[in-house]
Amino acid sequence: MNSDLLRELAASLGNGRLRIFDLSQEWRIGMPHWPTHPPFLYSLSKGHGDIVLEGGVSSAAEVMTLGGHLGTHIDALGHFSRHGRLHGGIAAAANQSFEYGLAAAGIDRVLPIVRRGVLLDVVPDGMDALAPSQAVMAADLEAAATRAAVPVEPGDVALIRTGWGRLWDRPREMAGPGGAPGLDLGAAQWLSARRIFAAGSDTLAFEVTPTAAFPVHVHLLVDNGIHIMEALNLEAVRQAAVYEFLFVASPLKIRGGTGSPIRPFAIA
């Protein structure tokens with residue numbers, strides 16, 4: 001990228017011609033999480049005044065415990081397998097160890113993501129959110145793309161808004177004990193037919209729940225090598241009626257990880 005283009009980009013951000021939307025949810029104790037994953041834990045390990053250096057200087061630090069599939073995050077292709085095989089036919093058992101995670105298809109293989117993003121808002125007019133266990137079907141995605149005039153193209157990042165990101169402050173409800181909305185297999189096939197790079201939503205499981213076999217995860221991750229992102233915050237970008245944008249995010253470089261937190265942005 002040449003210096004003139006960099007200056008133009010910086011000027012566009014500085015004068016408000018380009019806006020940056022934070023698509024991540026806040027990390028905090030008690031935040032929503034999928035029941036099979038560990039909760040987020042946080043504590044200050046050293047407070048100001050515990051150790052005081054010359055000149056009255058002190059510092060604070062914390063300790064955190066978290067899983068790779070907590071908060072706003074992205075799934076590595078090796079997150080799911082079927083009949084003992086990962087994406088590309090890799091033998092799952094021979095590819096993993098409890099010390100080092102996945103030898104292939106891990107999150108450390110995912111490069112920083114800088115791609116065209118599209119927002120597909122499937123919440124009907126007059127409603128705040130989809131109902132629990134409401135399936136998002138291929139026709140819903142097609143209709144959302146048509147309304148927004150944003151064709152989904154190869155290499156895109158497709159983000160599906162169900163309205164459930166508004167429940168981040170109501171963790172028990174968002175965890176969907178009675179089920180949560182999400183894509184059905186037909187909708188996943190609609191996305192894979194367009195050869196996207198990744199898909200994401202504002203729910204914890206991406207696909208409609210309850211589910212016994214996670215067919216959407218299997219179809220996208222295992223069969224098609226399409227990454228899945230969950231627990232996105234899509235409210236601000238929807239309120240601004242921004243349906244096409246530059247999507248920027250990067251996972252942590254966790255060796256062999258099955259997933260990683262991300263802090264994604266939409267720039268438009």
# chains A, B, ... in the order shown; residues from 1 in each chain; ligands from 1

call {"tool": "select_by_dssp", "arguments": {"residues": "region 146-193 of chain A", "states": "strand (DSSP E or B)", "output": "count of residues only"}}
result
7

call {"tool": "closest_atom_pairs", "arguments": {"of": "region 150-254 of chain A", "to": "region 88-103 of chain A", "cutoff": "9 Å", "atoms": "only C-alpha atoms", "output": "Markdown table"}}
result
| residue | atom | partner | partner_atom | distance |
| --- | --- | --- | --- | --- |
| A:Val222 | CA | A:Gly88 | CA | 7.5 |
| A:Asp223 | CA | A:Gly88 | CA | 7.9 |
| A:Asn224 | CA | A:Gly88 | CA | 8.7 |
| A:Gly225 | CA | A:Gly88 | CA | 8.0 |

call {"tool": "residues_around", "arguments": {"residues": "region 114-119 of chain A", "least_positions_apart": "3", "cutoff": "10 Å", "atoms": "only C-alpha atoms", "output": "NGL selection string"}}
result
:A and (111 or 122 or 144-145 or 148 or 150-161 or 196-201 or 234 or 237-238 or 241-250 or 264-268)

call {"tool": "closest_atom_pairs", "arguments": {"of": "region 190-266 of chain A", "to": "region 76-87 of chain A", "cutoff": "9 Å", "atoms": "only C-alpha atoms", "output": "Markdown table"}}
result
| residue | atom | partner | partner_atom | distance |
| --- | --- | --- | --- | --- |
| A:His217 | CA | A:Phe80 | CA | 7.1 |
| A:Val218 | CA | A:Phe80 | CA | 6.4 |
| A:Leu220 | CA | A:Leu77 | CA | 8.8 |
| A:Leu221 | CA | A:Leu77 | CA | 5.1 |
| A:Val222 | CA | A:His87 | CA | 4.2 |
| A:Asp223 | CA | A:His87 | CA | 6.0 |
| A:Asn224 | CA | A:His87 | CA | 7.3 |
| A:Gly225 | CA | A:His87 | CA | 6.1 |
| A:Ile226 | CA | A:Leu77 | CA | 7.3 |
| A:His227 | CA | A:Leu77 | CA | 6.3 |
| A:Ile228 | CA | A:Ala76 | CA | 7.9 |
| A:Gly257 | CA | A:Ala76 | CA | 7.3 |
| A:Thr258 | CA | A:His79 | CA | 4.9 |
| A:Gly259 | CA | A:Ala76 | CA | 5.0 |
| A:Ser260 | CA | A:Ala76 | CA | 7.9 |

call {"tool": "residues_around", "arguments": {"residues": "Asp140 (chain A)", "least_positions_apart": "4", "cutoff": "10 Å", "atoms": "only C-alpha atoms", "output": "list of chain:residue names"}}
result
A:Leu120, A:Asp121, A:Val122, A:Val123, A:Pro124, A:Ala135, A:Val136, A:Ala144, A:Ala145, A:Thr146, A:Leu183, A:Ala187

call {"tool": "write_last_selection", "arguments": {"atoms": "N, CA and C atoms", "output": "CSV table (one decimal), in the first residue's frame"}}
result
chain,number,residue,atom,x,y,z
A,120,LEU,N,-26.6,-9.6,6.8
A,120,LEU,CA,-27.9,-10.2,6.5
A,120,LEU,C,-28.8,-10.1,7.7
A,121,ASP,N,-29.7,-9.2,7.7
A,121,ASP,CA,-30.6,-9.0,8.8
A,121,ASP,C,-31.9,-9.8,8.6
A,122,VAL,N,-32.0,-10.9,9.3
A,122,VAL,CA,-33.2,-11.8,9.1
A,122,VAL,C,-34.3,-11.5,10.1
A,123,VAL,N,-34.2,-10.4,10.9
A,123,VAL,CA,-35.3,-10.1,11.8
A,123,VAL,C,-36.4,-9.4,11.0
A,124,PRO,N,-37.7,-9.9,11.1
A,124,PRO,CA,-38.8,-9.2,10.3
A,124,PRO,C,-39.0,-7.8,10.9
A,135,ALA,N,-35.8,-21.2,13.1
A,135,ALA,CA,-34.8,-21.6,12.1
A,135,ALA,C,-34.7,-20.5,11.0
A,136,VAL,N,-33.5,-20.1,10.7
A,136,VAL,CA,-33.2,-19.2,9.6
A,136,VAL,C,-32.9,-20.1,8.4
A,144,ALA,N,-33.0,-11.3,2.8
A,144,ALA,CA,-32.2,-10.3,3.5
A,144,ALA,C,-31.2,-9.7,2.6
A,145,ALA,N,-30.6,-10.5,1.7
A,145,ALA,CA,-29.6,-10.0,0.8
A,145,ALA,C,-30.3,-9.1,-0.3
A,146,THR,N,-31.5,-9.5,-0.7
A,146,THR,CA,-32.2,-8.7,-1.7
A,146,THR,C,-32.7,-7.4,-1.1
A,183,LEU,N,-29.2,-20.8,12.0
A,183,LEU,CA,-29.3,-21.3,10.6
A,183,LEU,C,-29.7,-22.8,10.6
A,187,ALA,N,-29.9,-23.3,5.0
A,187,ALA,CA,-29.3,-21.9,5.0
A,187,ALA,C,-27.8,-22.0,4.9

call {"tool": "closest_residue", "arguments": {"among": "A:Leu70, A:Leu191, A:Ala180, A:Met229", "to": "Thr211 (chain A)", "atoms": "only C-alpha atoms"}}
result
A:Ala180

call {"tool": "residues_around", "arguments": {"residues": "region 165-175 of chain A", "least_positions_apart": "4", "cutoff": "9 Å", "atoms": "only C-alpha atoms", "output": "short mmCIF file (atom, residue, chain, number, x, y, z; two decimals) with C-alpha atoms, in the first residue's frame"}}
result
data_model
loop_
_atom_site.label_atom_id
_atom_site.label_comp_id
_atom_site.auth_asym_id
_atom_site.auth_seq_id
_atom_site.Cartn_x
_atom_site.Cartn_y
_atom_site.Cartn_z
CA GLN A 25 -19.31 -8.16 22.86
CA GLU A 26 -17.91 -7.12 26.23
CA GLY A 30 -21.06 -13.93 34.18
CA MET A 31 -21.23 -13.24 30.46
CA PRO A 32 -23.20 -15.72 28.31
CA HIS A 33 -21.43 -18.89 27.23
CA TRP A 34 -22.38 -22.20 25.63
CA PRO A 35 -22.99 -24.73 28.43
CA ASP A 128 -36.71 -6.94 17.89
CA ALA A 129 -35.41 -10.49 17.51
CA ARG A 161 -28.34 -10.80 12.63
CA GLY A 179 -33.48 -23.17 22.30
CA ALA A 180 -32.08 -20.27 20.30
CA SER A 201 -24.02 -14.49 13.91
CA ASP A 202 -25.03 -12.80 17.15
CA THR A 203 -25.96 -16.07 18.88
CA LEU A 204 -23.86 -18.51 20.90
CA ALA A 205 -24.25 -21.54 18.62
CA ALA A 231 -21.46 -13.97 19.75
CA LEU A 232 -21.04 -10.97 17.46
CA ASN A 233 -22.57 -7.60 18.31
CA LEU A 234 -24.39 -6.52 15.17
CA GLU A 235 -26.74 -3.93 16.65
#

call {"tool": "select_by_dssp", "arguments": {"residues": "region 214-255 of chain A", "states": "alpha helix (DSSP H)", "output": "PyMOL selection string"}}
result
chain A and resi 215-217+235-239

call {"tool": "closest_residue", "arguments": {"among": "A:Gly163, A:Gly176, A:Pro112, A:Gly56", "to": "Gly126 (chain A)", "atoms": "only C-alpha atoms"}}
result
A:Gly163

call {"tool": "closest_residue", "arguments": {"among": "A:Thr65, A:Ser12, A:Asn2, A:Thr72", "to": "Ile262 (chain A)", "atoms": "only C-alpha atoms"}}
result
A:Thr72

call {"tool": "atom_distance", "arguments": {"atom1": "CA of Phe206 (chain A)", "atom2": "CA of Ala104 (chain A)"}}
result
23.6 Å

call {"tool": "residues_around", "arguments": {"residues": "Pro261 (chain A)", "least_positions_apart": "4", "cutoff": "8 Å", "atoms": "only C-alpha atoms", "output": "VMD selection string"}}
result
chain A and resid 68 to 74 251 to 252

call {"tool": "write_last_selection", "arguments": {"atoms": "C-alpha atoms", "output": "PDB file, in the first residue's frame"}}
result
ATOM      1  CA  GLY A  68     -11.256 -20.653  22.900  1.00  0.00           C
ATOM      2  CA  HIS A  69     -15.000 -20.554  22.231  1.00  0.00           C
ATOM      3  CA  LEU A  70     -16.047 -17.833  24.666  1.00  0.00           C
ATOM      4  CA  GLY A  71     -17.246 -14.360  23.839  1.00  0.00           C
ATOM      5  CA  THR A  72     -16.941 -13.082  20.294  1.00  0.00           C
ATOM      6  CA  HIS A  73     -14.795 -15.756  18.681  1.00  0.00           C
ATOM      7  CA  ILE A  74     -13.973 -17.716  15.540  1.00  0.00           C
ATOM      8  CA  PRO A 251      -7.603 -14.622  16.059  1.00  0.00           C
ATOM      9  CA  LEU A 252      -4.955 -15.032  18.717  1.00  0.00           C
TER      10      LEU A 252
END

call {"tool": "residues_around", "arguments": {"residues": "Gly186 (chain A)", "least_positions_apart": "5", "cutoff": "12 Å", "atoms": "only C-alpha atoms", "output": "list in words"}}
result
Ala135, Val136, Met137, Ala138, Ala139, Asp140, Leu141, Glu142, Leu191, Ser192, Ala193, Glu207, Val208, Pro215, Val216, His219 and Leu220 of chain A

call {"tool": "write_last_selection", "arguments": {"atoms": "N, CA and C atoms", "output": "mmCIF file, in the first residue's frame"}}
result
data_model
loop_
_atom_site.group_PDB
_atom_site.id
_atom_site.type_symbol
_atom_site.label_atom_id
_atom_site.label_comp_id
_atom_site.auth_asym_id
_atom_site.auth_seq_id
_atom_site.Cartn_x
_atom_site.Cartn_y
_atom_site.Cartn_z
ATOM 1 N N ALA A 135 -35.820 -21.244 13.094
ATOM 2 C CA ALA A 135 -34.818 -21.585 12.099
ATOM 3 C C ALA A 135 -34.705 -20.486 11.047
ATOM 4 N N VAL A 136 -33.473 -20.112 10.742
ATOM 5 C CA VAL A 136 -33.183 -19.215 9.625
ATOM 6 C C VAL A 136 -32.940 -20.104 8.402
ATOM 7 N N MET A 137 -33.772 -19.940 7.381
ATOM 8 C CA MET A 137 -33.709 -20.792 6.201
ATOM 9 C C MET A 137 -33.076 -20.054 5.033
ATOM 10 N N ALA A 138 -32.797 -20.803 3.974
ATOM 11 C CA ALA A 138 -32.156 -20.217 2.796
ATOM 12 C C ALA A 138 -32.970 -19.051 2.250
ATOM 13 N N ALA A 139 -34.291 -19.189 2.237
ATOM 14 C CA ALA A 139 -35.144 -18.116 1.728
ATOM 15 C C ALA A 139 -35.003 -16.846 2.557
ATOM 16 N N ASP A 140 -34.767 -16.999 3.863
ATOM 17 C CA ASP A 140 -34.576 -15.828 4.727
ATOM 18 C C ASP A 140 -33.289 -15.094 4.370
ATOM 19 N N LEU A 141 -32.219 -15.847 4.113
ATOM 20 C CA LEU A 141 -30.956 -15.221 3.727
ATOM 21 C C LEU A 141 -31.083 -14.539 2.364
ATOM 22 N N GLU A 142 -31.737 -15.206 1.451
ATOM 23 C CA GLU A 142 -31.936 -14.636 0.111
ATOM 24 C C GLU A 142 -32.733 -13.334 0.206
ATOM 25 N N LEU A 191 -25.141 -20.574 1.920
ATOM 26 C CA LEU A 191 -23.882 -19.844 2.113
ATOM 27 C C LEU A 191 -22.713 -20.552 1.442
ATOM 28 N N SER A 192 -22.608 -21.858 1.621
ATOM 29 C CA SER A 192 -21.471 -22.585 1.052
ATOM 30 C C SER A 192 -21.499 -22.560 -0.473
ATOM 31 N N ALA A 193 -22.693 -22.518 -1.059
ATOM 32 C CA ALA A 193 -22.797 -22.447 -2.520
ATOM 33 C C ALA A 193 -22.202 -21.148 -3.055
ATOM 34 N N GLU A 207 -26.016 -22.053 14.718
ATOM 35 C CA GLU A 207 -27.127 -22.785 14.120
ATOM 36 C C GLU A 207 -28.290 -22.889 15.096
ATOM 37 N N VAL A 208 -29.452 -23.223 14.567
ATOM 38 C CA VAL A 208 -30.652 -23.301 15.389
ATOM 39 C C VAL A 208 -30.476 -24.390 16.443
ATOM 40 N N PRO A 215 -25.440 -30.097 12.534
ATOM 41 C CA PRO A 215 -25.228 -30.295 11.101
ATOM 42 C C PRO A 215 -24.673 -29.069 10.381
ATOM 43 N N VAL A 216 -25.002 -27.878 10.859
ATOM 44 C CA VAL A 216 -24.498 -26.662 10.213
ATOM 45 C C VAL A 216 -23.002 -26.521 10.434
ATOM 46 N N HIS A 219 -21.328 -29.072 8.192
ATOM 47 C CA HIS A 219 -21.378 -28.702 6.774
ATOM 48 C C HIS A 219 -20.378 -27.592 6.448
ATOM 49 N N LEU A 220 -20.330 -26.557 7.285
ATOM 50 C CA LEU A 220 -19.457 -25.432 6.977
ATOM 51 C C LEU A 220 -18.001 -25.744 7.291
#

call {"tool": "closest_residue", "arguments": {"among": "A:Ala143, A:Leu18, A:Ala212, A:Val110", "to": "Asp75 (chain A)", "atoms": "only C-alpha atoms"}}
result
A:Val110

call {"tool": "atom_distance", "arguments": {"atom1": "CA of Asp50 (chain A)", "atom2": "CA of Met64 (chain A)"}}
result
19.0 Å

call {"tool": "atom_distance", "arguments": {"atom1": "CA of Tyr42 (chain A)", "atom2": "CA of Ser24 (chain A)"}}
result
18.3 Å

call {"tool": "decode", "arguments": {"residues": "region 19-66 of chain A", "atoms": "N, CA and C atoms", "output": "PDB file, in the first residue's frame"}}
result
ATOM      1  N   ARG A  19     -16.568   5.123   8.901  1.00  0.00           N
ATOM      2  CA  ARG A  19     -16.909   4.828  10.288  1.00  0.00           C
ATOM      3  C   ARG A  19     -16.427   3.434  10.653  1.00  0.00           C
ATOM      4  N   ILE A  20     -16.050   3.280  11.923  1.00  0.00           N
ATOM      5  CA  ILE A  20     -15.613   1.980  12.426  1.00  0.00           C
ATOM      6  C   ILE A  20     -16.639   1.475  13.427  1.00  0.00           C
ATOM      7  N   PHE A  21     -17.160   0.279  13.180  1.00  0.00           N
ATOM      8  CA  PHE A  21     -18.139  -0.337  14.072  1.00  0.00           C
ATOM      9  C   PHE A  21     -17.485  -1.522  14.775  1.00  0.00           C
ATOM     10  N   ASP A  22     -17.516  -1.496  16.099  1.00  0.00           N
ATOM     11  CA  ASP A  22     -16.997  -2.611  16.895  1.00  0.00           C
ATOM     12  C   ASP A  22     -18.051  -3.706  16.920  1.00  0.00           C
ATOM     13  N   LEU A  23     -17.701  -4.880  16.423  1.00  0.00           N
ATOM     14  CA  LEU A  23     -18.649  -5.994  16.321  1.00  0.00           C
ATOM     15  C   LEU A  23     -18.496  -7.010  17.447  1.00  0.00           C
ATOM     16  N   SER A  24     -17.760  -6.655  18.496  1.00  0.00           N
ATOM     17  CA  SER A  24     -17.512  -7.605  19.589  1.00  0.00           C
ATOM     18  C   SER A  24     -18.389  -7.294  20.797  1.00  0.00           C
ATOM     19  N   GLN A  25     -18.614  -8.316  21.587  1.00  0.00           N
ATOM     20  CA  GLN A  25     -19.312  -8.163  22.858  1.00  0.00           C
ATOM     21  C   GLN A  25     -18.300  -7.966  23.988  1.00  0.00           C
ATOM     22  N   GLU A  26     -18.775  -7.391  25.080  1.00  0.00           N
ATOM     23  CA  GLU A  26     -17.911  -7.123  26.233  1.00  0.00           C
ATOM     24  C   GLU A  26     -17.604  -8.417  26.996  1.00  0.00           C
ATOM     25  N   TRP A  27     -16.338  -8.537  27.398  1.00  0.00           N
ATOM     26  CA  TRP A  27     -15.926  -9.656  28.255  1.00  0.00           C
ATOM     27  C   TRP A  27     -16.120  -9.266  29.717  1.00  0.00           C
ATOM     28  N   ARG A  28     -16.751 -10.138  30.481  1.00  0.00           N
ATOM     29  CA  ARG A  28     -16.943  -9.881  31.909  1.00  0.00           C
ATOM     30  C   ARG A  28     -17.370 -11.178  32.592  1.00  0.00           C
ATOM     31  N   ILE A  29     -17.160 -11.227  33.903  1.00  0.00           N
ATOM     32  CA  ILE A  29     -17.626 -12.380  34.674  1.00  0.00           C
ATOM     33  C   ILE A  29     -19.143 -12.488  34.554  1.00  0.00           C
ATOM     34  N   GLY A  30     -19.626 -13.695  34.303  1.00  0.00           N
ATOM     35  CA  GLY A  30     -21.058 -13.929  34.182  1.00  0.00           C
ATOM     36  C   GLY A  30     -21.604 -13.740  32.788  1.00  0.00           C
ATOM     37  N   MET A  31     -20.733 -13.455  31.812  1.00  0.00           N
ATOM     38  CA  MET A  31     -21.228 -13.244  30.456  1.00  0.00           C
ATOM     39  C   MET A  31     -21.763 -14.565  29.890  1.00  0.00           C
ATOM     40  N   PRO A  32     -22.638 -14.494  28.884  1.00  0.00           N
ATOM     41  CA  PRO A  32     -23.201 -15.718  28.313  1.00  0.00           C
ATOM     42  C   PRO A  32     -22.121 -16.634  27.727  1.00  0.00           C
ATOM     43  N   HIS A  33     -22.331 -17.925  27.853  1.00  0.00           N
ATOM     44  CA  HIS A  33     -21.433 -18.888  27.227  1.00  0.00           C
ATOM     45  C   HIS A  33     -22.196 -20.183  26.971  1.00  0.00           C
ATOM     46  N   TRP A  34     -21.749 -20.918  25.945  1.00  0.00           N
ATOM     47  CA  TRP A  34     -22.377 -22.197  25.635  1.00  0.00           C
ATOM     48  C   TRP A  34     -22.112 -23.160  26.785  1.00  0.00           C
ATOM     49  N   PRO A  35     -23.114 -23.932  27.208  1.00  0.00           N
ATOM     50  CA  PRO A  35     -22.994 -24.729  28.434  1.00  0.00           C
ATOM     51  C   PRO A  35     -21.816 -25.698  28.471  1.00  0.00           C
ATOM     52  N   THR A  36     -21.363 -26.206  27.330  1.00  0.00           N
ATOM     53  CA  THR A  36     -20.256 -27.167  27.339  1.00  0.00           C
ATOM     54  C   THR A  36     -18.885 -26.503  27.401  1.00  0.00           C
ATOM     55  N   HIS A  37     -18.843 -25.191  27.350  1.00  0.00           N
ATOM     56  CA  HIS A  37     -17.575 -24.469  27.428  1.00  0.00           C
ATOM     57  C   HIS A  37     -17.422 -23.831  28.809  1.00  0.00           C
ATOM     58  N   PRO A  38     -16.186 -23.621  29.257  1.00  0.00           N
ATOM     59  CA  PRO A  38     -15.978 -23.057  30.598  1.00  0.00           C
ATOM     60  C   PRO A  38     -16.369 -21.596  30.639  1.00  0.00           C
ATOM     61  N   PRO A  39     -16.708 -21.087  31.821  1.00  0.00           N
ATOM     62  CA  PRO A  39     -17.026 -19.663  31.934  1.00  0.00           C
ATOM     63  C   PRO A  39     -15.756 -18.815  31.935  1.00  0.00           C
ATOM     64  N   PHE A  40     -15.948 -17.533  31.704  1.00  0.00           N
ATOM     65  CA  PHE A  40     -14.856 -16.579  31.796  1.00  0.00           C
ATOM     66  C   PHE A  40     -14.661 -16.174  33.253  1.00  0.00           C
ATOM     67  N   LEU A  41     -13.419 -16.266  33.729  1.00  0.00           N
ATOM     68  CA  LEU A  41     -13.094 -15.875  35.101  1.00  0.00           C
ATOM     69  C   LEU A  41     -12.008 -14.802  35.071  1.00  0.00           C
ATOM     70  N   TYR A  42     -12.131 -13.840  35.973  1.00  0.00           N
ATOM     71  CA  TYR A  42     -11.215 -12.692  35.981  1.00  0.00           C
ATOM     72  C   TYR A  42     -11.000 -12.238  37.415  1.00  0.00           C
ATOM     73  N   SER A  43      -9.771 -11.845  37.708  1.00  0.00           N
ATOM     74  CA  SER A  43      -9.479 -11.228  38.996  1.00  0.00           C
ATOM     75  C   SER A  43      -8.199 -10.420  38.887  1.00  0.00           C
ATOM     76  N   LEU A  44      -8.134  -9.310  39.603  1.00  0.00           N
ATOM     77  CA  LEU A  44      -6.860  -8.614  39.733  1.00  0.00           C
ATOM     78  C   LEU A  44      -5.909  -9.498  40.535  1.00  0.00           C
ATOM     79  N   SER A  45      -4.731  -9.717  39.997  1.00  0.00           N
ATOM     80  CA  SER A  45      -3.726 -10.493  40.721  1.00  0.00           C
ATOM     81  C   SER A  45      -2.776  -9.588  41.496  1.00  0.00           C
ATOM     82  N   LYS A  46      -2.728  -8.342  41.110  1.00  0.00           N
ATOM     83  CA  LYS A  46      -1.933  -7.354  41.838  1.00  0.00           C
ATOM     84  C   LYS A  46      -2.621  -6.008  41.714  1.00  0.00           C
ATOM     85  N   GLY A  47      -2.885  -5.369  42.833  1.00  0.00           N
ATOM     86  CA  GLY A  47      -3.549  -4.075  42.818  1.00  0.00           C
ATOM     87  C   GLY A  47      -2.561  -2.945  43.041  1.00  0.00           C
ATOM     88  N   HIS A  48      -2.980  -1.746  42.703  1.00  0.00           N
ATOM     89  CA  HIS A  48      -2.153  -0.576  42.962  1.00  0.00           C
ATOM     90  C   HIS A  48      -1.914  -0.439  44.469  1.00  0.00           C
ATOM     91  N   GLY A  49      -0.668  -0.247  44.814  1.00  0.00           N
ATOM     92  CA  GLY A  49      -0.297  -0.132  46.216  1.00  0.00           C
ATOM     93  C   GLY A  49       0.207  -1.411  46.833  1.00  0.00           C
ATOM     94  N   ASP A  50      -0.020  -2.565  46.170  1.00  0.00           N
ATOM     95  CA  ASP A  50       0.498  -3.822  46.703  1.00  0.00           C
ATOM     96  C   ASP A  50       2.022  -3.820  46.720  1.00  0.00           C
ATOM     97  N   ILE A  51       2.602  -3.349  45.651  1.00  0.00           N
ATOM     98  CA  ILE A  51       4.051  -3.177  45.553  1.00  0.00           C
ATOM     99  C   ILE A  51       4.297  -1.753  45.085  1.00  0.00           C
ATOM    100  N   VAL A  52       5.011  -0.995  45.867  1.00  0.00           N
ATOM    101  CA  VAL A  52       5.273   0.399  45.526  1.00  0.00           C
ATOM    102  C   VAL A  52       6.767   0.562  45.228  1.00  0.00           C
ATOM    103  N   LEU A  53       7.066   1.091  44.063  1.00  0.00           N
ATOM    104  CA  LEU A  53       8.436   1.287  43.617  1.00  0.00           C
ATOM    105  C   LEU A  53       8.912   2.691  43.951  1.00  0.00           C
ATOM    106  N   GLU A  54      10.121   2.972  43.572  1.00  0.00           N
ATOM    107  CA  GLU A  54      10.664   4.307  43.826  1.00  0.00           C
ATOM    108  C   GLU A  54       9.785   5.369  43.174  1.00  0.00           C
ATOM    109  N   GLY A  55       9.643   6.490  43.878  1.00  0.00           N
ATOM    110  CA  GLY A  55       8.828   7.570  43.357  1.00  0.00           C
ATOM    111  C   GLY A  55       7.343   7.345  43.528  1.00  0.00           C
ATOM    112  N   GLY A  56       6.962   6.350  44.321  1.00  0.00           N
ATOM    113  CA  GLY A  56       5.540   6.085  44.546  1.00  0.00           C
ATOM    114  C   GLY A  56       4.843   5.367  43.404  1.00  0.00           C
ATOM    115  N   VAL A  57       5.619   4.731  42.518  1.00  0.00           N
ATOM    116  CA  VAL A  57       5.059   4.070  41.349  1.00  0.00           C
ATOM    117  C   VAL A  57       4.548   2.674  41.704  1.00  0.00           C
ATOM    118  N   SER A  58       3.368   2.338  41.219  1.00  0.00           N
ATOM    119  CA  SER A  58       2.861   0.972  41.364  1.00  0.00           C
ATOM    120  C   SER A  58       2.111   0.602  40.096  1.00  0.00           C
ATOM    121  N   SER A  59       1.833  -0.676  39.943  1.00  0.00           N
ATOM    122  CA  SER A  59       1.100  -1.140  38.765  1.00  0.00           C
ATOM    123  C   SER A  59       0.077  -2.178  39.185  1.00  0.00           C
ATOM    124  N   ALA A  60      -0.901  -2.365  38.318  1.00  0.00           N
ATOM    125  CA  ALA A  60      -1.929  -3.376  38.545  1.00  0.00           C
ATOM    126  C   ALA A  60      -1.891  -4.383  37.399  1.00  0.00           C
ATOM    127  N   ALA A  61      -2.265  -5.621  37.693  1.00  0.00           N
ATOM    128  CA  ALA A  61      -2.302  -6.676  36.681  1.00  0.00           C
ATOM    129  C   ALA A  61      -3.395  -7.660  37.060  1.00  0.00           C
ATOM    130  N   GLU A  62      -3.776  -8.487  36.076  1.00  0.00           N
ATOM    131  CA  GLU A  62      -4.867  -9.419  36.303  1.00  0.00           C
ATOM    132  C   GLU A  62      -4.498 -10.818  35.862  1.00  0.00           C
ATOM    133  N   VAL A  63      -5.345 -11.760  36.256  1.00  0.00           N
ATOM    134  CA  VAL A  63      -5.264 -13.136  35.769  1.00  0.00           C
ATOM    135  C   VAL A  63      -6.633 -13.486  35.205  1.00  0.00           C
ATOM    136  N   MET A  64      -6.647 -14.185  34.054  1.00  0.00           N
ATOM    137  CA  MET A  64      -7.900 -14.569  33.415  1.00  0.00           C
ATOM    138  C   MET A  64      -7.853 -16.040  33.040  1.00  0.00           C
ATOM    139  N   THR A  65      -8.990 -16.686  33.099  1.00  0.00           N
ATOM    140  CA  THR A  65      -9.125 -18.021  32.521  1.00  0.00           C
ATOM    141  C   THR A  65     -10.277 -17.975  31.524  1.00  0.00           C
ATOM    142  N   LEU A  66     -10.061 -18.582  30.372  1.00  0.00           N
ATOM    143  CA  LEU A  66     -11.065 -18.532  29.324  1.00  0.00           C
ATOM    144  C   LEU A  66     -10.888 -19.721  28.394  1.00  0.00           C
TER     145      LEU A  66
END
